[in-house]
Amino acid sequence: MNKNESKTAKLNSNFTGMMAVVMLSVLFIVIGIIMYAYPDMKLKNFTYVISGFFLVGGAWEVCRYFLKEEYRNVANYDFSAGLLLLILGCISIVKEPALTKQIYLLLGALVLVQGIIMVQYFVDMIALKSYFWWLMLLICAAQIGLSVCILLDVGGLFATQGWVLFGSLFGSGVLGLIALFIVALRIRRFEQSEVKHKLRELEDDFTDFVPAQKTGEVVSSYISEKESNDFFEDEGIEDEEPEVDTNTLKQKILSLKSKRKTKETNESIFEDEEVM
């Protein structure tokens with residue numbers, strides 16, 4: 001496995017967890033909307049909807065494992081997760097009558113799974129030194145608390161009052177998407193700051209070989225090629241920061257470094273000849 005392949009596998013290693021939150025959030029929102037629009041719908045139809053999500057999600061995970069060559073990373077379990085979802089989907093269809101009687105337990109377990117996955121987001125926010133870690137903590141606490149209430153059927157509301165259960169599911173789905181958006185936005189900003197830090201390191205590393213003024217010109221000219229016009233800034237709208245290809249920039253600086261070394265070598269040869 002070469003360096004680029006290893007990096008790709010590392011970046012995709014947590015894709016399953018992210019998609020699990022997305023799929024569960026969409027599932028909860030869909031069920032909540034259907035229940036609101038068709039309050040007299042039979043509960044067994046929701047069991048089939050959940051089974052369909054399991055089957056579609058499992059098939060997608062298995063196909064993605066081979067199409068994206070996720071087997072390059074030994075720590076990737078997309079195939080196992082997809083196979084598990086396929087099996088659960090088939091079992092839920094076969095055992096539909098039993099699951100329908102205890103559908104609030106099934107939905108409560110799914111809310112718990114989503115809440116546990118989102119705890120990882122809370123830890124990520126702390127590691128990334130985000131100021132909104134407290135918001136993620138509140139969302140995780142709400143998700144896990146809601147799942148416990150559903151599983152224990154506090155007050156008998158979730159088993160007897162369908163609108164309470166499905167309204168809670170809709171809110172859980174919305175919270176899941178909000179949490180995912182917050183984490184994705186923070187990671188994006190963190191990656192942009194990392195790019196800037198790497199550019200500064202490259203500039204410092206090659207200062208001894210390339211004149212500082214010339215190096216600064218290379219860096220500034222490269223970044224200016226990636227930037228858009230300043231129209232949005234003049235209007236008071238903060239535009240997105242351009243993504244900088246550090247590999248291309250590094251190649252430019254290495255080229256200057258090579259020319260510098262060649263020049264120094266030639267000068268040393270002439271000095272030796274004069275001494276002789």
# chains A, B, ... in the order shown; residues from 1 in each chain; ligands from 1

call {"tool": "residues_around", "arguments": {"residues": "Phe53 (chain A)", "least_positions_apart": "2", "cutoff": "9 Å", "atoms": "only C-alpha atoms", "output": "list in words"}}
result
Met23, Leu24, Leu27, Tyr48, Val49, Ile50, Ser51, Leu55, Val56, Gly57, Gly58, Leu85 and Gly89 of chain A

call {"tool": "residues_around", "arguments": {"residues": "Leu84 (chain A)", "least_positions_apart": "3", "cutoff": "12 Å", "atoms": "only C-alpha atoms", "output": "number ranges by chain"}}
result
A: 54-59, 61-62, 77-81, 87-91

call {"tool": "write_last_selection", "arguments": {"atoms": "all heavy atoms", "output": "CSV table (one decimal), in the first residue's frame"}}
result
chain,number,residue,atom,x,y,z
A,54,PHE,N,-32.8,-1.0,6.7
A,54,PHE,CA,-31.7,-2.0,7.0
A,54,PHE,C,-31.2,-2.6,5.7
A,54,PHE,O,-30.0,-2.7,5.5
A,54,PHE,CB,-32.2,-3.1,7.9
A,54,PHE,CG,-32.4,-2.6,9.4
A,54,PHE,CD1,-33.2,-3.4,10.3
A,54,PHE,CD2,-31.7,-1.5,9.8
A,54,PHE,CE1,-33.3,-3.0,11.6
A,54,PHE,CE2,-31.9,-1.1,11.1
A,54,PHE,CZ,-32.6,-1.8,12.0
A,55,LEU,N,-32.1,-3.1,4.9
A,55,LEU,CA,-31.6,-3.8,3.6
A,55,LEU,C,-30.9,-2.8,2.7
A,55,LEU,O,-29.9,-3.2,2.1
A,55,LEU,CB,-32.9,-4.4,2.9
A,55,LEU,CG,-33.6,-5.5,3.7
A,55,LEU,CD1,-34.8,-5.9,3.0
A,55,LEU,CD2,-32.6,-6.7,3.9
A,56,VAL,N,-31.4,-1.6,2.5
A,56,VAL,CA,-30.8,-0.7,1.6
A,56,VAL,C,-29.4,-0.2,2.1
A,56,VAL,O,-28.4,-0.2,1.4
A,56,VAL,CB,-31.7,0.6,1.4
A,56,VAL,CG1,-31.0,1.7,0.6
A,56,VAL,CG2,-33.0,0.2,0.6
A,57,GLY,N,-29.4,0.1,3.4
A,57,GLY,CA,-28.1,0.5,4.1
A,57,GLY,C,-27.1,-0.6,4.0
A,57,GLY,O,-25.9,-0.4,3.8
A,58,GLY,N,-27.5,-1.9,4.3
A,58,GLY,CA,-26.6,-3.0,4.2
A,58,GLY,C,-26.0,-3.2,2.9
A,58,GLY,O,-24.8,-3.5,2.7
A,59,ALA,N,-26.9,-3.2,1.9
A,59,ALA,CA,-26.5,-3.4,0.5
A,59,ALA,C,-25.5,-2.3,0.0
A,59,ALA,O,-24.5,-2.6,-0.6
A,59,ALA,CB,-27.7,-3.5,-0.5
A,61,GLU,N,-23.5,-0.5,2.0
A,61,GLU,CA,-22.2,-0.7,2.7
A,61,GLU,C,-21.4,-1.8,2.0
A,61,GLU,O,-20.2,-1.6,1.9
A,61,GLU,CB,-22.5,-1.0,4.2
A,61,GLU,CG,-22.9,0.2,5.0
A,61,GLU,CD,-21.8,1.1,5.3
A,61,GLU,OE1,-20.6,0.8,5.1
A,61,GLU,OE2,-22.1,2.2,5.8
A,62,VAL,N,-22.0,-2.9,1.7
A,62,VAL,CA,-21.3,-4.0,1.1
A,62,VAL,C,-20.7,-3.6,-0.3
A,62,VAL,O,-19.5,-3.8,-0.6
A,62,VAL,CB,-22.2,-5.3,1.0
A,62,VAL,CG1,-21.5,-6.3,0.1
A,62,VAL,CG2,-22.5,-5.8,2.3
A,77,TYR,N,-14.5,-1.8,8.8
A,77,TYR,CA,-15.5,-2.9,9.0
A,77,TYR,C,-16.8,-2.6,8.2
A,77,TYR,O,-17.9,-3.0,8.7
A,77,TYR,CB,-15.8,-3.1,10.5
A,77,TYR,CG,-14.6,-3.5,11.3
A,77,TYR,CD1,-13.9,-2.5,11.9
A,77,TYR,CD2,-14.2,-4.8,11.3
A,77,TYR,CE1,-12.7,-2.9,12.7
A,77,TYR,CE2,-13.1,-5.2,12.0
A,77,TYR,CZ,-12.4,-4.2,12.7
A,77,TYR,OH,-11.2,-4.6,13.4
A,78,ASP,N,-16.7,-2.0,7.1
A,78,ASP,CA,-17.9,-1.6,6.3
A,78,ASP,C,-18.6,-2.9,5.8
A,78,ASP,O,-19.8,-3.0,5.8
A,78,ASP,CB,-17.5,-0.8,5.1
A,78,ASP,CG,-17.2,0.7,5.5
A,78,ASP,OD1,-17.4,1.0,6.7
A,78,ASP,OD2,-16.9,1.5,4.6
A,79,PHE,N,-17.8,-3.9,5.4
A,79,PHE,CA,-18.4,-5.1,4.9
A,79,PHE,C,-19.2,-5.9,6.0
A,79,PHE,O,-20.3,-6.3,5.8
A,79,PHE,CB,-17.4,-6.1,4.3
A,79,PHE,CG,-17.9,-7.4,3.8
A,79,PHE,CD1,-18.5,-7.4,2.5
A,79,PHE,CD2,-17.9,-8.5,4.5
A,79,PHE,CE1,-19.0,-8.6,2.0
A,79,PHE,CE2,-18.4,-9.7,4.1
A,79,PHE,CZ,-19.0,-9.8,2.8
A,80,SER,N,-18.6,-6.0,7.2
A,80,SER,CA,-19.2,-6.6,8.3
A,80,SER,C,-20.5,-5.9,8.7
A,80,SER,O,-21.5,-6.5,9.0
A,80,SER,CB,-18.3,-6.7,9.5
A,80,SER,OG,-17.1,-7.5,9.1
A,81,ALA,N,-20.4,-4.5,8.8
A,81,ALA,CA,-21.6,-3.7,9.2
A,81,ALA,C,-22.7,-3.9,8.1
A,81,ALA,O,-23.9,-4.0,8.5
A,81,ALA,CB,-21.2,-2.3,9.3
A,87,ILE,N,-28.7,-8.9,7.4
A,87,ILE,CA,-29.3,-10.0,8.2
A,87,ILE,C,-30.4,-9.5,9.1
A,87,ILE,O,-31.5,-10.1,9.2
A,87,ILE,CB,-28.2,-10.7,9.1
A,87,ILE,CG1,-27.2,-11.4,8.1
A,87,ILE,CG2,-28.8,-11.7,10.0
A,87,ILE,CD1,-26.0,-12.0,8.9
A,88,LEU,N,-30.2,-8.3,9.7
A,88,LEU,CA,-31.3,-7.7,10.5
A,88,LEU,C,-32.5,-7.4,9.7
A,88,LEU,O,-33.6,-7.5,10.2
A,88,LEU,CB,-30.7,-6.5,11.3
A,88,LEU,CG,-29.7,-6.7,12.4
A,88,LEU,CD1,-29.2,-5.4,12.9
A,88,LEU,CD2,-30.3,-7.6,13.5
A,89,GLY,N,-32.3,-6.9,8.5
A,89,GLY,CA,-33.4,-6.5,7.7
A,89,GLY,C,-34.2,-7.7,7.3
A,89,GLY,O,-35.5,-7.7,7.4
A,90,CYS,N,-33.6,-8.8,7.0
A,90,CYS,CA,-34.3,-10.1,6.7
A,90,CYS,C,-35.1,-10.6,7.9
A,90,CYS,O,-36.2,-11.0,7.8
A,90,CYS,CB,-33.4,-11.1,6.1
A,90,CYS,SG,-32.6,-10.7,4.6
A,91,ILE,N,-34.4,-10.6,9.1
A,91,ILE,CA,-35.1,-11.1,10.3
A,91,ILE,C,-36.3,-10.2,10.7
A,91,ILE,O,-37.3,-10.7,11.1
A,91,ILE,CB,-34.0,-11.1,11.4
A,91,ILE,CG1,-33.0,-12.2,11.1
A,91,ILE,CG2,-34.7,-11.4,12.8
A,91,ILE,CD1,-31.9,-12.2,12.2

call {"tool": "closest_residue", "arguments": {"among": "A:Tyr121, A:Tyr71, A:Tyr131, A:Phe28", "to": "Gly171 (chain A)", "atoms": "only C-alpha atoms"}}
result
A:Phe28

call {"tool": "closest_residue", "arguments": {"among": "A:Cys63, A:Leu169, A:Ile33, A:Leu199", "to": "Gln114 (chain A)", "atoms": "only C-alpha atoms"}}
result
A:Leu169

call {"tool": "closest_residue", "arguments": {"among": "A:Ile178, A:Val30, A:Val183, A:Val21", "to": "Ile126 (chain A)", "atoms": "only C-alpha atoms"}}
result
A:Val183

call {"tool": "closest_residue", "arguments": {"among": "A:Val74, A:Leu151, A:Val111, A:Leu43", "to": "Ala98 (chain A)", "atoms": "only C-alpha atoms"}}
result
A:Leu43
